[in-house]
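Peer 1: Input entry_15.cif, format and content: mmCIF, C-alpha atoms, pLDDT in the B column; chains and numbers go by the auth columns.
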data_upload
#
loop_
_atom_site.group_PDB
_atom_site.id
_atom_site.type_symbol
_atom_site.label_atom_id
_atom_site.label_comp_id
_atom_site.label_asym_id
_atom_site.label_seq_id
_atom_site.Cartn_x
_atom_site.Cartn_y
_atom_site.Cartn_z
_atom_site.B_iso_or_equiv
_atom_site.auth_seq_id
_atom_site.auth_asym_id
ATOM 1 C CA MET A 1 212.079 267.241 326.164 51.00 1 A
ATOM 2 C CA ASN A 2 212.655 268.903 329.540 53.00 2 A
ATOM 3 C CA ASN A 3 213.821 272.086 327.804 53.00 3 A
ATOM 4 C CA ILE A 4 210.425 272.351 326.143 54.00 4 A
ATOM 5 C CA LYS A 5 208.599 272.360 329.482 53.00 5 A
ATOM 6 C CA TYR A 6 210.930 275.128 330.707 48.00 6 A
ATOM 7 C CA TYR A 7 209.485 277.499 328.092 47.00 7 A
ATOM 8 C CA MET A 8 205.871 276.630 328.693 60.00 8 A
ATOM 9 C CA LYS A 9 203.492 277.864 331.368 79.00 9 A
ATOM 10 C CA LEU A 10 200.479 275.804 330.315 86.00 10 A
ATOM 11 C CA THR A 11 199.278 272.920 332.444 91.00 11 A
ATOM 12 C CA GLN A 12 198.394 269.553 330.943 91.00 12 A
ATOM 13 C CA GLN A 13 194.757 270.475 331.469 94.00 13 A
ATOM 14 C CA ASP A 14 195.222 273.788 329.619 92.00 14 A
ATOM 15 C CA MET A 15 196.903 272.026 326.696 93.00 15 A
ATOM 16 C CA ALA A 16 194.201 269.363 326.563 95.00 16 A
ATOM 17 C CA ARG A 17 191.508 272.034 326.532 94.00 17 A
ATOM 18 C CA LEU A 18 193.227 273.847 323.647 92.00 18 A
ATOM 19 C CA LEU A 19 193.469 270.568 321.718 95.00 19 A
ATOM 20 C CA ASP A 20 189.852 269.689 322.518 97.00 20 A
ATOM 21 C CA ILE A 21 190.875 266.416 324.159 97.00 21 A
ATOM 22 C CA THR A 22 190.852 265.154 327.738 97.00 22 A
ATOM 23 C CA PRO A 23 193.936 265.414 329.971 96.00 23 A
ATOM 24 C CA MET A 24 193.853 261.595 330.119 97.00 24 A
ATOM 25 C CA THR A 25 194.212 261.438 326.322 97.00 25 A
ATOM 26 C CA LEU A 26 197.239 263.707 326.524 96.00 26 A
ATOM 27 C CA ARG A 27 198.774 261.501 329.229 96.00 27 A
ATOM 28 C CA ASN A 28 198.037 258.411 327.119 97.00 28 A
ATOM 29 C CA TRP A 29 199.772 260.004 324.134 97.00 29 A
ATOM 30 C CA ARG A 30 202.792 260.642 326.321 96.00 30 A
ATOM 31 C CA LYS A 31 202.908 256.976 327.318 97.00 31 A
ATOM 32 C CA ASP A 32 201.624 255.191 324.205 98.00 32 A
ATOM 33 C CA LYS A 33 202.476 257.620 321.392 97.00 33 A
ATOM 34 C CA PRO A 34 205.618 259.442 322.501 97.00 34 A
ATOM 35 C CA TYR A 35 206.409 260.802 319.026 97.00 35 A
ATOM 36 C CA LEU A 36 202.941 262.368 318.711 97.00 36 A
ATOM 37 C CA TYR A 37 203.236 263.778 322.230 96.00 37 A
ATOM 38 C CA GLU A 38 206.655 265.243 321.405 95.00 38 A
ATOM 39 C CA ILE A 39 205.285 266.916 318.265 96.00 39 A
ATOM 40 C CA VAL A 40 202.403 268.431 320.234 95.00 40 A
ATOM 41 C CA MET A 41 204.741 269.708 322.967 93.00 41 A
ATOM 42 C CA LYS A 42 207.113 271.185 320.401 93.00 42 A
ATOM 43 C CA GLY A 43 204.148 272.922 318.793 93.00 43 A
ATOM 44 C CA PHE A 44 203.222 274.565 322.085 91.00 44 A
ATOM 45 C CA ALA A 45 206.862 275.497 322.716 89.00 45 A
ATOM 46 C CA PHE A 46 207.170 276.983 319.217 92.00 46 A
ATOM 47 C CA GLU A 47 204.033 279.056 319.723 88.00 47 A
ATOM 48 C CA ASN A 48 205.403 280.334 323.029 87.00 48 A
ATOM 49 C CA ILE A 49 208.782 281.241 321.498 90.00 49 A
ATOM 50 C CA VAL A 50 207.095 283.104 318.633 92.00 50 A
ATOM 51 C CA LYS A 51 204.969 285.025 321.141 89.00 51 A
ATOM 52 C CA LYS A 52 208.026 285.975 323.217 90.00 52 A
ATOM 53 C CA SER A 53 209.946 286.989 320.088 94.00 53 A
ATOM 54 C CA LYS A 54 207.084 289.240 318.997 93.00 54 A
ATOM 55 C CA GLU A 55 206.956 290.861 322.443 91.00 55 A
ATOM 56 C CA THR A 56 210.723 291.434 322.385 95.00 56 A
ATOM 57 C CA TYR A 57 210.499 292.949 318.896 95.00 57 A
ATOM 58 C CA GLU A 58 207.731 295.312 319.994 94.00 58 A
ATOM 59 C CA GLU A 59 209.784 296.377 323.028 94.00 59 A
ATOM 60 C CA LEU A 60 212.775 297.081 320.787 95.00 60 A
ATOM 61 C CA VAL A 61 210.644 299.169 318.415 94.00 61 A
ATOM 62 C CA GLU A 62 209.345 301.214 321.352 93.00 62 A
ATOM 63 C CA LEU A 63 212.879 301.676 322.660 93.00 63 A
ATOM 64 C CA GLU A 64 214.118 302.787 319.250 92.00 64 A
ATOM 65 C CA GLN A 65 211.244 305.263 318.884 91.00 65 A
ATOM 66 C CA GLY A 66 211.969 306.648 322.333 88.00 66 A
ATOM 67 C CA LEU A 67 215.623 307.136 321.479 86.00 67 A
ATOM 68 C CA GLN A 68 214.787 308.848 318.176 85.00 68 A
ATOM 69 C CA HIS A 69 212.548 311.353 319.963 80.00 69 A
ATOM 70 C CA LYS A 70 215.398 312.259 322.312 74.00 70 A
ATOM 71 C CA LEU A 71 217.765 313.022 319.404 70.00 71 A
#
Would you give me this structure, written as structure tokens?

Peer 2:
Amino acid sequence: MNNIKYYMKLTQQDMARLLDITPMTLRNWRKDKPYLYEIVMKGFAFENIVKKSKETYEELVELEQGLQHKL
């Protein structure tokens, strides 16, 4: 679970806002419904990884185009 937090920059309040719940609800899920909390955190981590992968892909495309123009 700690690895998931490493990839995320959102605060508990940010996540709660995105889920349309209170930060207290999110904390309660962590304590009372750990499996649900884990699924939610993995969802945020997955979204972040997809975003970073897309950015990396776009950077690689730009790099490739730059190299093709030099040839």

Peer 1: Work out how far atom CA of Phe44 of chain A is from atom CA of Ala16 of chain A, in Å to one decimal.

Peer 2: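 Rounded to one decimal, the two atoms are 11.3 Å apart.
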
Peer 1: Just so the selection is clear, what residues does the PyMOL selection byres ((chain A and resi 24-38) around 12) cover here, as a VMD selection string?

Peer 2: chain A and resid 1 to 5 11 to 23 39 to 46

Peer 1: Extending 5 Å beyond the listed atoms of segment 39-54 of chain A on each side, what axis-aligned box results? I want centre and edge lengths in Å to one decimal, as AutoDock Vina command-line options.

Peer 2:
--center_x 206.2 --center_y 278.1 --center_z 320.7 --size_x 17.5 --size_y 32.3 --size_z 15.0

Peer 1: Please, what distance in Å, to one decimal, runs between atom CA of Leu10 of chain A and atom CA of Ile49 of chain A?

Peer 2: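 Result for atom CA of Leu10 of chain A versus atom CA of Ile49 of chain A: 13.3 Å, one decimal.
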